[in-house]
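**Student:** First the structure, which I've put down as structure tokens, then a few questions once you've had a look.
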Amino acid sequence: MTEVNEQDDSGLDPLGDAERWKSKNYARVGSARPSSLLYTYGPGAAMDLPHFTVMPSGFDDWNRIWKRREGEPATIHAPRLLRAVQGYFMGDSVIELRPFPWAPKTSWNDASGSDLGVPSRVFPQWVRCTGCDRLAPIVHFTYRNTNPFRPDLARFVHEGCPGHVKRRGSRAGRSPHTADVVPARYLLACPNGHLDEFPYEWWVHQGGRCPNAETPLLAMTERNVGKGSTATIHCRSCESSRPMNEAQGEIGRTKLPRCRGRHPHLGRFDADGCDAEARLMLLGASNLWFSATQSIIVMPGAEAPTPQSTGEQIVETLGKFGFDAFKHDAARIRDGLKDAGSGLADLPADDLEAAIVAVDADDERDSNQHRQALDEFDPISLLEPEWHYLTKPLDGPRVDDKQSGLVLSRPAGGVDPRLNELGITRVHTVDKLRKVNALVGFTRIDDMERAEGLGQRLAPLTRSRRPLWTVATEDRGEGMFLQFDDKRIRSWERDIWKSDIFQAHIAAHERNYLARLSDTAKAQDHLKRFKSPRYWLLHTLSHVLMREMAMSSGYSAASISERIYAWPEEEDRPSAAGILLITTASDSDGTLGGLVQQSTRRDLERTLSTALRKARRCSSDPVCTHRTPQDPEDFLHGAACHTCAMASETSCERANRFLDRRFLVDLPGFPGLGFFDRTW
């Protein structure tokens, strides 16, 4: 649910923006599922509504929503994820994960949750009249939202629109009418996460001002609606005009103004400005907003409290001021916990001291240390506890952990011998699981996986650098886990490292890495982000399995997602080779059991065999089979396309990178590469 709200315009540029518009309106203007607000339309993203576009605001404004309810906001307990999230917020005191401000209805006419919603602002605020092509900020038009039960009717209109005045078919002699207005679709963005309105007045006057009017009358005309930058901006006050296609491409970029460092979702500009080059962006472009998220599968024992997480609970109980006042006196801390009625007051003295020291040491780390920790953060650290638990032998045919919500079972009859021949050593049916996902920020132009120097590139979610919470979602579902024979994987992997195909992938990854927009990429070793052959193998297998399971599980291919456990052995980390395929839903009932049925002894062997057989052919062959990146190409996949192996964005954890069917099975012209065609 989203709602339009007022914004503080202090510090904004009143000449370039319509930020002075402060009409209070808390009416609902649209709705969205929590998953879409987390991955597609979060703070800083442009969300299309039927008649205009809104942008969910930063978390500072969400606090106003929570204050409408008595008591403390609900929280989501996931200490392991919380510790990972804190690294992204530069060590600031993020002490809890909160769900979206929403309450379920108990009946069709229940209005108890009508005061909750995600606060949003209209963006972009430059709009165009569909009746007369007038281009102006929304303050020049009228907002209508008279029906509280029809948020789809909310719109801006141009009252008294004269219509188009042409030589033939003019509206001469007709009375003015009311016309809808639509967002002007051009924006300016930069790789540092800033976004701004396009300076139409500055553009049409070649960087100057109109000689005939202080507030010129602008218009935007289209030659071919919806086909790129085909619009032309006109100044009806001085008869100047300039096409928007001049702003396209590398040459057009030099004609644009520098980035002003604007964060419209926070209602402010960066105090230090921005030295990045702004670029033209179309409203609705796929690279306008990339969510930066982290997620975990809640595992028994993995969420055990640590000194850091215990210390954070102490800070949450006493408040930051109270903790700082007594952090050198454990007895006073314990008294404060007793007064608050917290069970932490019963902690042993050593555990209490360790918790205080852990939080205090984290506060003393400077921003440079936190940036370094963020840049060096290893996502595998979130996967290790899951891998260790999933690879344990089960104590019985079914293990049900009430605290984590995880239910595992063994397929009746054990692993099919034919699966053992293919290298699968363990199969677990995941009857129930709980997945927690948290938002840590967002990027523009490049997604989080491609953006280097996340300390600078990750856009903030609050005006201050000390957020106390971030938003998260809880999903419940089911799935299946497959573990592979690590000895076979290692033997196959040694040969693949030397192959010409894999060396071509390594070279393409280096070109891709150096072509990124961040200068810091050139100082890093690209192999730190490159995936080993075992990841290419299991990732490709995961995709073909998801495609095949969608045919018989009852779920769409976009509803099934993957979690790949694939990393080579290191000094402090044993190797891993496994796949967890899951489907989840955000409601409390979870899912319907289709993947659980697919993991039975008989069905899994048939599904895997069929998936591998289909992987041998693609309707795009021989082009797909022979696809290998050559200089200057820098794509990060081989024999894989949307016909045979690529998956939807909701399913793939790597945006369809690191895929190649030649590592699964032998394809014509590439013998000896396929793992499943080897004899052991």
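By convention here, the chains of the structure tokens are called A, B, ... in the order presented, each chain's residues are numbered starting at 1, and ligands are numbered starting at 1 in the order presented.
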For region 540-647 of chain A against region 652-660 of chain A, with a cut-off of 7 Å and counting only C-alpha atoms, what is the closest atom pair and its distance in Å to one decimal for every residue that makes the cut, ordered by chain and number, as JSON lines?

**Tutor:**
{"residue": "A:Thr540", "atom": "CA", "partner": "A:Leu659", "partner_atom": "CA", "distance": 5.1}
{"residue": "A:Ser561", "atom": "CA", "partner": "A:Cys652", "partner_atom": "CA", "distance": 6.3}
{"residue": "A:Glu562", "atom": "CA", "partner": "A:Cys652", "partner_atom": "CA", "distance": 6.3}
{"residue": "A:Leu636", "atom": "CA", "partner": "A:Arg657", "partner_atom": "CA", "distance": 5.2}
{"residue": "A:His637", "atom": "CA", "partner": "A:Leu659", "partner_atom": "CA", "distance": 4.9}
{"residue": "A:Gly638", "atom": "CA", "partner": "A:Asp660", "partner_atom": "CA", "distance": 4.7}
{"residue": "A:Ala639", "atom": "CA", "partner": "A:Asp660", "partner_atom": "CA", "distance": 4.7}
{"residue": "A:Ala640", "atom": "CA", "partner": "A:Asp660", "partner_atom": "CA", "distance": 5.4}
{"residue": "A:Met646", "atom": "CA", "partner": "A:Asn656", "partner_atom": "CA", "distance": 5.8}
{"residue": "A:Ala647", "atom": "CA", "partner": "A:Cys652", "partner_atom": "CA", "distance": 6.1}

**Student:** So that I can see what lies close to region 244-261 of chain A, please list as a ChimeraX atom specification the residues with an atom at most 7 Å from it, counting only C-alpha atoms and leaving out residues fewer than 3 positions away in the same chain.

**Tutor:** /A:190,194,229-232,269-270,273-280

**Student:** Which residue gives the smallest distance to Val54 (chain A) among A:Pro397, A:Pro300, A:Pro243, A:Gly284, with only C-alpha atoms counted?

**Tutor:**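 Closest residue, counting only C-alpha atoms: A:Gly284.
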
**Student:** Which is closest to Glu96 (chain A) among A:Leu468, A:Thr650, A:Gly414, A:Gln503, if we use only C-alpha atoms?

**Tutor:**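 Distance minimum relative to Glu96 (chain A) lands on A:Leu468.
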
**Student:** So that I can see what lies close to Ser651 (chain A), please list as a list in words the residues with an atom at most 12 Å from it, counting only C-alpha atoms and leaving out residues fewer than 5 positions away in the same chain.

**Tutor:**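 Here the qualifying residues turn out to be His539, Ser542, His543, Val544, Leu545, Met546, Arg547, Ala550, Ser556, Ala557, Ala558, Ser559, Ile560, Ser561, Glu562, Arg563, Ile564, Leu580, Leu581, Ile582, Thr583, Thr584, Ala645, Met646 and Asn656 of chain A.
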
**Student:** Please dump the current selection as a compact mmCIF listing (two decimals), in the first residue's frame; keep C-alpha atoms.

**Tutor:**
# COMPACT_ATOMS: atom_id res chain seq x y z
CA HIS A 539 23.99 -23.12 -11.47
CA SER A 542 19.60 -25.64 -11.17
CA HIS A 543 18.13 -23.71 -14.08
CA VAL A 544 17.29 -26.74 -16.22
CA LEU A 545 15.78 -28.45 -13.15
CA MET A 546 13.61 -25.43 -12.37
CA ARG A 547 12.35 -25.42 -15.94
CA ALA A 550 7.65 -26.12 -13.47
CA SER A 556 5.26 -21.39 -12.60
CA ALA A 557 8.96 -21.23 -13.45
CA ALA A 558 9.11 -17.73 -11.96
CA SER A 559 7.85 -19.05 -8.60
CA ILE A 560 10.79 -21.42 -8.07
CA SER A 561 14.09 -19.95 -6.93
CA GLU A 562 17.56 -21.31 -6.29
CA ARG A 563 20.19 -21.23 -3.59
CA ILE A 564 23.56 -22.51 -4.79
CA LEU A 580 18.49 -25.89 -2.74
CA LEU A 581 15.44 -25.28 -4.91
CA ILE A 582 12.60 -23.56 -3.10
CA THR A 583 9.29 -21.84 -3.63
CA THR A 584 8.00 -19.41 -1.03
CA ALA A 645 18.66 -22.41 -19.66
CA MET A 646 18.00 -18.83 -18.61
CA ASN A 656 21.50 -15.30 -15.62

**Student:** Can you list, as a list in words, every protein, DNA or RNA residue that comes within 12 Å of region 324-329 of chain A when you count only C-alpha atoms, leaving out same-chain residues fewer than 3 positions away?

**Tutor:**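 Counting only C-alpha atoms, the residues come to Gly311, Ile314, Val315, Glu316, Leu318, Gly319, Lys320, Phe321, Arg332, Ile333, Arg334, Asp335, Gly336, Leu337, Ala349, Leu352, Glu353, Ala354, Ala355, Ile356, Val357, Ala358, Val359, Asp360, Ala361, Asp363 and Glu364 of chain A.
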
**Student:** Quote the spacing between CA of Tyr200 (chain A) and CA of Arg155 (chain A) in Å to one decimal place.

**Tutor:**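 Going from CA of Tyr200 (chain A) over to CA of Arg155 (chain A) covers 22.4 Å.
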
**Student:** When you count only C-alpha atoms, which of these residues is closest to Pro622 (chain A): A:Phe670, A:Trp567, A:Phe663, A:Trp62?

**Tutor:**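 Closest to Pro622 (chain A), using only C-alpha atoms: A:Phe670.
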
**Student:** Name the closest residue to Val29 (chain A) among the candidates A:Ser286, A:Ser464, A:Asn145, A:Thr221; distances are taken between atoms, counting only C-alpha atoms.

**Tutor:**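 Of A:Ser286, A:Ser464, A:Asn145, A:Thr221, the one nearest Val29 (chain A) is A:Asn145, counting only C-alpha atoms.
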
**Student:** Just the strand (DSSP E or B) stuff from region 523-577 of chain A, please, per backbone DSSP, written as a list in words.

**Tutor:**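 Here is the list: Ser561, Glu562, Arg563, Ile564, Tyr565, Ala566, Trp567, Glu570, Arg573, Ala576 and Ala577 of chain A.
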
**Student:** Write out as a ChimeraX atom specification the residues lying within 8 Å of region 482-493 of chain A, counting only C-alpha atoms and excluding same-chain residues fewer than 6 positions away.

**Tutor:** /A:391,423-428,533-534,575-580,675,680

**Student:** Restricting it to N, CA and C atoms, dump the selection as an mmCIF file, in the first residue's frame.

**Tutor:**
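Written file, selection.cif:
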data_model
loop_
_atom_site.group_PDB
_atom_site.id
_atom_site.type_symbol
_atom_site.label_atom_id
_atom_site.label_comp_id
_atom_site.auth_asym_id
_atom_site.auth_seq_id
_atom_site.Cartn_x
_atom_site.Cartn_y
_atom_site.Cartn_z
ATOM 1 N N THR A 391 23.631 -30.679 5.274
ATOM 2 C CA THR A 391 24.435 -31.861 4.945
ATOM 3 C C THR A 391 24.565 -32.825 6.120
ATOM 4 N N GLY A 423 26.115 -38.766 -9.444
ATOM 5 C CA GLY A 423 26.927 -37.962 -8.536
ATOM 6 C C GLY A 423 26.164 -37.326 -7.399
ATOM 7 N N ILE A 424 24.895 -37.671 -7.195
ATOM 8 C CA ILE A 424 24.101 -37.121 -6.100
ATOM 9 C C ILE A 424 24.202 -38.059 -4.902
ATOM 10 N N THR A 425 24.672 -37.544 -3.771
ATOM 11 C CA THR A 425 24.897 -38.371 -2.592
ATOM 12 C C THR A 425 23.830 -38.202 -1.518
ATOM 13 N N ARG A 426 23.118 -37.100 -1.507
ATOM 14 C CA ARG A 426 22.114 -36.870 -0.460
ATOM 15 C C ARG A 426 20.954 -36.055 -1.034
ATOM 16 N N VAL A 427 19.753 -36.458 -0.657
ATOM 17 C CA VAL A 427 18.533 -35.729 -1.031
ATOM 18 C C VAL A 427 17.720 -35.499 0.232
ATOM 19 N N HIS A 428 17.368 -34.250 0.491
ATOM 20 C CA HIS A 428 16.481 -33.909 1.595
ATOM 21 C C HIS A 428 15.228 -33.254 1.032
ATOM 22 N N PRO A 533 34.399 -23.394 -11.594
ATOM 23 C CA PRO A 533 33.652 -24.285 -12.505
ATOM 24 C C PRO A 533 32.494 -25.001 -11.832
ATOM 25 N N ARG A 534 32.657 -25.375 -10.559
ATOM 26 C CA ARG A 534 31.561 -26.089 -9.901
ATOM 27 C C ARG A 534 30.316 -25.202 -9.792
ATOM 28 N N SER A 575 35.015 -27.341 1.204
ATOM 29 C CA SER A 575 34.302 -27.136 -0.057
ATOM 30 C C SER A 575 32.835 -27.506 0.084
ATOM 31 N N ALA A 576 32.035 -27.051 -0.866
ATOM 32 C CA ALA A 576 30.598 -27.323 -0.865
ATOM 33 C C ALA A 576 30.139 -27.541 -2.293
ATOM 34 N N ALA A 577 29.151 -28.407 -2.472
ATOM 35 C CA ALA A 577 28.569 -28.660 -3.791
ATOM 36 C C ALA A 577 27.135 -29.127 -3.581
ATOM 37 N N GLY A 578 26.197 -28.208 -3.683
ATOM 38 C CA GLY A 578 24.803 -28.558 -3.476
ATOM 39 C C GLY A 578 23.860 -27.520 -4.031
ATOM 40 N N ILE A 579 22.593 -27.892 -4.151
ATOM 41 C CA ILE A 579 21.547 -27.019 -4.686
ATOM 42 C C ILE A 579 20.339 -27.102 -3.765
ATOM 43 N N LEU A 580 19.765 -25.956 -3.442
ATOM 44 C CA LEU A 580 18.485 -25.894 -2.737
ATOM 45 C C LEU A 580 17.501 -25.161 -3.637
ATOM 46 N N PHE A 675 29.826 -32.867 -17.155
ATOM 47 C CA PHE A 675 29.993 -33.618 -15.911
ATOM 48 C C PHE A 675 29.171 -34.896 -15.920
ATOM 49 N N TRP A 680 32.736 -42.786 -14.187
ATOM 50 C CA TRP A 680 33.508 -42.722 -12.945
ATOM 51 C C TRP A 680 33.877 -44.128 -12.482
#

**Student:** With only C-alpha atoms as the counted atoms, please give the residues lying no more than 7 Å from region 432-448 of chain A, apart from itself and same-chain residues fewer than 3 positions off, as a PyMOL selection string.

**Tutor:** chain A and resi 38+85+88+191+193+287-298+405-407+451+457-461+470-478

**Student:** For the selection just defined, write its residues with N, CA, C and O atoms to a file, as a compact mmCIF listing (two decimals), in the first residue's frame.

**Tutor:**
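The new file out_10.txt reads:
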# COMPACT_ATOMS: atom_id res chain seq x y z
N LEU A 38 10.01 -4.84 -2.00
CA LEU A 38 11.38 -5.14 -1.59
C LEU A 38 12.32 -5.23 -2.78
O LEU A 38 13.46 -4.76 -2.72
N VAL A 85 23.39 -7.44 7.74
CA VAL A 85 22.81 -6.15 7.34
C VAL A 85 23.59 -4.99 7.95
O VAL A 85 23.81 -3.96 7.30
N TYR A 88 26.38 -3.40 5.96
CA TYR A 88 26.03 -2.53 4.84
C TYR A 88 25.69 -1.11 5.29
O TYR A 88 25.74 -0.18 4.50
N PRO A 191 25.83 7.01 -11.46
CA PRO A 191 26.19 5.73 -10.84
C PRO A 191 26.28 5.76 -9.33
O PRO A 191 26.32 4.71 -8.69
N GLY A 193 23.99 6.66 -7.35
CA GLY A 193 22.66 6.48 -6.77
C GLY A 193 21.78 7.71 -6.76
O GLY A 193 20.70 7.68 -6.17
N ASN A 287 17.30 -0.24 -15.43
CA ASN A 287 18.49 0.05 -14.60
C ASN A 287 18.33 1.34 -13.79
O ASN A 287 19.31 1.90 -13.32
N LEU A 288 17.09 1.78 -13.61
CA LEU A 288 16.85 2.98 -12.81
C LEU A 288 16.98 2.69 -11.32
O LEU A 288 17.36 3.56 -10.54
N TRP A 289 16.69 1.44 -10.91
CA TRP A 289 16.72 1.08 -9.49
C TRP A 289 16.99 -0.41 -9.36
O TRP A 289 16.26 -1.23 -9.92
N PHE A 290 18.06 -0.74 -8.66
CA PHE A 290 18.37 -2.13 -8.34
C PHE A 290 18.35 -2.28 -6.82
O PHE A 290 19.09 -1.60 -6.12
N SER A 291 17.52 -3.15 -6.31
CA SER A 291 17.49 -3.36 -4.86
C SER A 291 18.74 -4.11 -4.43
O SER A 291 19.23 -5.00 -5.12
N ALA A 292 19.26 -3.74 -3.28
CA ALA A 292 20.38 -4.45 -2.65
C ALA A 292 19.82 -5.16 -1.43
O ALA A 292 19.41 -4.50 -0.46
N THR A 293 19.74 -6.46 -1.49
CA THR A 293 19.12 -7.23 -0.42
C THR A 293 20.04 -8.34 0.04
O THR A 293 20.98 -8.73 -0.67
N GLN A 294 19.78 -8.83 1.22
CA GLN A 294 20.41 -10.04 1.73
C GLN A 294 19.31 -10.93 2.28
O GLN A 294 18.29 -10.44 2.79
N SER A 295 19.51 -12.24 2.19
CA SER A 295 18.49 -13.17 2.67
C SER A 295 19.14 -14.39 3.28
O SER A 295 20.29 -14.72 2.97
N ILE A 296 18.40 -15.05 4.15
CA ILE A 296 18.85 -16.29 4.77
C ILE A 296 17.69 -17.27 4.82
O ILE A 296 16.52 -16.88 4.80
N ILE A 297 18.03 -18.55 4.86
CA ILE A 297 17.09 -19.58 5.25
C ILE A 297 17.33 -19.83 6.73
O ILE A 297 18.45 -20.14 7.14
N VAL A 298 16.30 -19.67 7.54
CA VAL A 298 16.48 -19.81 8.99
C VAL A 298 16.74 -21.27 9.31
O VAL A 298 15.96 -22.16 8.95
N GLY A 405 11.14 -23.32 12.33
CA GLY A 405 10.12 -23.60 11.33
C GLY A 405 10.58 -24.50 10.22
O GLY A 405 9.85 -24.71 9.24
N LEU A 406 11.78 -25.07 10.33
CA LEU A 406 12.33 -25.92 9.28
C LEU A 406 11.91 -27.37 9.51
O LEU A 406 12.06 -27.90 10.62
N VAL A 407 11.39 -28.00 8.47
CA VAL A 407 11.01 -29.41 8.52
C VAL A 407 11.69 -30.13 7.37
O VAL A 407 11.48 -29.79 6.20
N ALA A 451 28.38 -3.45 -9.02
CA ALA A 451 28.84 -2.16 -8.51
C ALA A 451 30.02 -2.36 -7.57
O ALA A 451 29.93 -3.08 -6.58
N ARG A 457 28.71 3.54 -3.52
CA ARG A 457 27.69 3.34 -4.53
C ARG A 457 26.32 3.00 -3.96
O ARG A 457 25.30 3.19 -4.63
N LEU A 458 26.27 2.47 -2.75
CA LEU A 458 25.00 2.07 -2.18
C LEU A 458 24.26 3.31 -1.67
O LEU A 458 24.72 4.00 -0.77
N ALA A 459 23.11 3.59 -2.28
CA ALA A 459 22.35 4.78 -1.90
C ALA A 459 21.72 4.60 -0.52
O ALA A 459 21.28 3.50 -0.17
N PRO A 460 21.65 5.67 0.27
CA PRO A 460 21.11 5.55 1.64
C PRO A 460 19.60 5.42 1.64
O PRO A 460 18.91 5.84 0.72
N LEU A 461 19.08 4.86 2.73
CA LEU A 461 17.65 4.70 2.92
C LEU A 461 17.08 5.70 3.92
O LEU A 461 15.86 5.79 4.09
N THR A 470 15.77 -1.57 9.47
CA THR A 470 15.53 -1.66 8.03
C THR A 470 14.37 -2.62 7.81
O THR A 470 13.98 -3.38 8.71
N VAL A 471 13.79 -2.57 6.63
CA VAL A 471 12.59 -3.36 6.35
C VAL A 471 12.99 -4.76 5.90
O VAL A 471 14.02 -4.95 5.26
N ALA A 472 12.17 -5.73 6.25
CA ALA A 472 12.43 -7.12 5.89
C ALA A 472 11.10 -7.83 5.66
O ALA A 472 10.03 -7.35 6.08
N THR A 473 11.17 -8.96 5.00
CA THR A 473 9.98 -9.79 4.77
C THR A 473 10.27 -11.21 5.22
O THR A 473 11.42 -11.67 5.20
N GLU A 474 9.23 -11.90 5.62
CA GLU A 474 9.31 -13.32 5.97
C GLU A 474 8.50 -14.11 4.96
O GLU A 474 7.31 -13.85 4.76
N ASP A 475 9.14 -15.08 4.33
CA ASP A 475 8.45 -15.96 3.39
C ASP A 475 8.49 -17.38 3.92
O ASP A 475 9.49 -17.80 4.53
N ARG A 476 7.44 -18.12 3.67
CA ARG A 476 7.38 -19.52 4.07
C ARG A 476 7.12 -20.37 2.85
O ARG A 476 6.40 -19.97 1.94
N GLY A 477 7.75 -21.54 2.83
CA GLY A 477 7.58 -22.37 1.65
C GLY A 477 8.13 -23.76 1.83
O GLY A 477 8.17 -24.30 2.94
N GLU A 478 8.61 -24.32 0.74
CA GLU A 478 9.07 -25.71 0.68
C GLU A 478 10.17 -25.81 -0.35
O GLU A 478 10.51 -24.82 -1.02

**Student:** If you run DSSP over the backbone, which residues in region 154-343 of chain A end up alpha helix (DSSP H)? Put them as a compact mmCIF listing (two decimals) with C-alpha atoms, in the first residue's frame.

**Tutor:**
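As written to disk, states16.txt reads:
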# COMPACT_ATOMS: atom_id res chain seq x y z
CA TYR A 200 13.72 21.06 -19.38
CA GLU A 201 13.90 24.84 -19.13
CA TRP A 202 17.70 24.75 -18.97
CA TRP A 203 17.80 22.32 -21.90
CA VAL A 204 15.56 24.18 -24.35
CA GLY A 249 24.72 8.60 -26.29
CA GLU A 250 28.25 9.51 -25.34
CA ILE A 251 28.14 12.82 -27.22
CA GLY A 252 24.80 13.75 -25.71
CA ARG A 253 26.14 13.07 -22.23
CA PRO A 307 27.86 -11.31 21.97
CA GLN A 308 27.17 -8.84 19.15
CA SER A 309 23.47 -9.71 18.80
CA THR A 310 23.00 -9.78 22.60
CA GLY A 311 24.66 -6.37 22.88
CA GLU A 312 22.33 -4.99 20.24
CA GLN A 313 19.32 -6.20 22.24
CA ILE A 314 20.74 -4.43 25.29
CA VAL A 315 21.06 -1.20 23.30
CA GLU A 316 17.51 -1.63 22.04
CA THR A 317 16.24 -2.10 25.60
CA LEU A 318 18.15 0.74 27.28
CA GLY A 319 18.35 3.11 24.33
CA LYS A 320 21.55 4.39 22.80
CA PHE A 321 21.90 7.19 25.33
CA GLY A 322 21.36 4.90 28.32
CA PHE A 323 23.84 2.34 27.02
CA ASP A 324 26.54 4.95 26.35
CA ALA A 325 26.05 6.42 29.84
CA PHE A 326 26.61 3.12 31.67
CA ALA A 330 28.06 -3.63 33.99
CA ALA A 331 26.16 -3.49 37.29
CA ARG A 332 24.30 -0.35 36.19
CA ILE A 333 23.54 -1.99 32.85
CA ARG A 334 22.10 -5.03 34.65
CA ASP A 335 19.98 -2.77 36.90
CA GLY A 336 18.65 -0.98 33.85
CA LEU A 337 17.70 -4.30 32.25
CA LYS A 338 15.91 -5.37 35.44
CA ASP A 339 13.96 -2.11 35.55

**Student:** Closest to Cys238 (chain A) among A:Pro211, A:Pro411, A:Pro671, A:Pro99, using only C-alpha atoms?

**Tutor:**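 The answer is A:Pro211, which sits nearest to Cys238 (chain A).
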
**Student:** Would you mind listing what lies within 7 Å of Cys235 (chain A) as a list in words, with only C-alpha atoms counted and same-chain residues fewer than 5 positions away left out?

**Tutor:**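 The residues satisfying every condition are Val204, Pro216, Leu217, Leu218, Ala219, Ser240 and Ser241 of chain A.
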
**Student:** Report, in Å with one decimal, the straight-line distance from CA of Ser609 (chain A) to CA of Gly669 (chain A).

**Tutor:**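 Between these atoms lies a distance of 22.0 Å.
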
**Student:** Calculated over only C-alpha atoms, which of the candidates A:Arg83, A:Arg616, A:His505, A:His77 has the smallest distance to Cys644 (chain A)?

**Tutor:**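 For Cys644 (chain A), the nearest of the given residues is A:Arg616.
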